[in-house]
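Visitor: Below is the structure I would like to discuss, written out as structure tokens.
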Amino acid sequence: MHPDHPEPTSRARDWQAEPVDPDTAVDPWPPATAPSPKRRQGELLAAIAAGGVLGACARYGATLIWPVAPGAFPWTTFWINVTGSAAMGLLIVLITEWTTAHPLIRPFLGTGVLGGYTTFSTYTVDARNLVTGHHTATALLYITATLAAALTACWAAAALTRLVLLPRPIGREGGDA
């Protein structure tokens, strides 16, 4: 190393080598006035937790409104996962391709609200309960249909959102302001 060019600090080298997570990296290198990493992490966790509470309450409310009998196809969980996946497709296009959102919107809505609302853990428990209750055909149908419908809903919502919104982006060159 040349004496007039000191070696970069360890922190600077480490930062440049790490991948950037768009949910946690708000600025490429925060200026001196930016919140500390611990504060930023606290804000991120608070946003996810607050969103998770809202999503989980919505899911719980749906199970109270539309209960499913043991051994029956778990329609409530199925529709929760399908609508949550569709909402994720819509959300991701809106906040990554359509507009610039506050850095905590994606963790709050995506990880928090939709992560708390969708319930793929209950999906597996429902499938296990169907199998142990000797409803194997229903369990296989449920596993396959939920996965196919959730993936299709996410893709279709993203594609439809792009079709409807992207021809007239707000605040971008060539679009309406």
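Residue numbering restarts at 1 for every chain of the structure tokens, chains are lettered A, B, ... in their displayed order, and ligands are numbered from 1 as they appear.
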Which range 26-97 of chain A residues have any atom within 12 Å of an atom of range 126-148 of chain A, and for each, what is the nearest pair of atoms with distance in Å to one decimal, counting only C-alpha atoms, rows sorted by chain and number, as a Markdown table?

Guide:
```
| residue | atom | partner | partner_atom | distance |
| --- | --- | --- | --- | --- |
| A:Val68 | CA | A:Asp126 | CA | 10.4 |
| A:Ala69 | CA | A:Leu130 | CA | 11.0 |
| A:Pro70 | CA | A:Leu130 | CA | 8.0 |
| A:Gly71 | CA | A:Leu130 | CA | 5.7 |
| A:Ala72 | CA | A:Thr138 | CA | 7.8 |
| A:Phe73 | CA | A:Thr138 | CA | 6.5 |
| A:Pro74 | CA | A:Asp126 | CA | 7.0 |
| A:Trp75 | CA | A:Tyr142 | CA | 8.9 |
| A:Thr76 | CA | A:Asp126 | CA | 10.8 |
| A:Thr77 | CA | A:Asp126 | CA | 8.5 |
| A:Phe78 | CA | A:Thr146 | CA | 5.8 |
| A:Trp79 | CA | A:Thr146 | CA | 8.4 |
| A:Ile80 | CA | A:Thr146 | CA | 9.9 |
| A:Asn81 | CA | A:Thr146 | CA | 7.3 |
| A:Val82 | CA | A:Thr146 | CA | 7.1 |
| A:Thr83 | CA | A:Thr146 | CA | 10.9 |
| A:Gly84 | CA | A:Thr146 | CA | 11.7 |
| A:Ser85 | CA | A:Leu147 | CA | 10.1 |
```

Visitor: Could you state the separation of CA of Gly112 in chain A and CA of Val53 in chain A in Å, given to one decimal place?

Guide: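 Pair CA of Gly112 in chain A / CA of Val53 in chain A returns 7.6 Å.
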
Visitor: Which residue is closest to Ala46 in chain A? Choose from A:Pro107, A:Thr152, A:Ser121, A:Gly116 and count only C-alpha atoms.

Guide: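 Going through A:Pro107, A:Thr152, A:Ser121, A:Gly116 one by one, the smallest distance to Ala46 in chain A is for A:Pro107.
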
Visitor: Enter the distance from CA of Gly61 in chain A to CA of Gly115 in chain A, in Å, rounded to one decimal.

Guide: 15.5 Å

Visitor: Quick one: residues within 12 Å of Leu45 in chain A, only C-alpha atoms counted, chain neighbours fewer than 2 positions away excluded, as a list in words?

Guide: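 Answer for this query is Asp23, Thr24, Lys38, Arg39, Arg40, Gln41, Gly42, Glu43, Ala47, Ile48, Ala49, Ala50, Gly51, Gly52, Leu104, Pro107, Phe108, Thr111 and Gly112 of chain A.
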
Visitor: Enumerate, as a VMD selection string, the complete set of residues in range 10-164 of chain A that a backbone-based DSSP assignment places in alpha helix (DSSP H).

Guide: chain A and resid 10 to 17 37 to 65 75 to 93 105 115 to 117 120 to 132 136 to 164

Visitor: I'd like the neighbourhood of Val93 in chain A as a tab-separated table (two decimals) with N, CA and C atoms, in the first residue's frame, where a residue qualifies if any of its atoms comes within 10 Å (using only C-alpha atoms), though same-chain residues fewer than 6 positions away should be ignored.

Guide:
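Below is the file that was written, out.tsv:
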```tsv
chain	number	residue	atom	x	y	z
A	99	THR	N	-43.93	3.91	-7.72
A	99	THR	CA	-43.63	5.11	-6.94
A	99	THR	C	-42.49	4.84	-5.98
A	157	ALA	N	-51.93	-10.48	-10.13
A	157	ALA	CA	-52.09	-9.15	-9.54
A	157	ALA	C	-50.95	-8.23	-9.97
A	158	ALA	N	-49.73	-8.75	-9.99
A	158	ALA	CA	-48.59	-7.95	-10.43
A	158	ALA	C	-48.75	-7.58	-11.90
A	159	ALA	N	-49.12	-8.53	-12.74
A	159	ALA	CA	-49.28	-8.27	-14.17
A	159	ALA	C	-50.41	-7.27	-14.42
A	160	LEU	N	-51.53	-7.44	-13.74
A	160	LEU	CA	-52.66	-6.53	-13.91
A	160	LEU	C	-52.31	-5.12	-13.41
A	161	THR	N	-51.61	-5.05	-12.31
A	161	THR	CA	-51.19	-3.75	-11.79
A	161	THR	C	-50.28	-3.04	-12.78
A	162	ARG	N	-49.34	-3.76	-13.36
A	162	ARG	CA	-48.46	-3.17	-14.38
A	162	ARG	C	-49.27	-2.71	-15.58
A	165	LEU	N	-51.42	0.46	-14.36
A	165	LEU	CA	-50.74	1.65	-13.85
A	165	LEU	C	-49.52	2.12	-14.62
A	166	LEU	N	-48.72	1.24	-15.12
A	166	LEU	CA	-47.44	1.67	-15.67
A	166	LEU	C	-47.51	2.49	-16.95
```

Visitor: Could you jot down the CA of Leu163 in chain A to CA of Ile92 in chain A separation for me, Å, one decimal place?

Guide: 14.0 Å
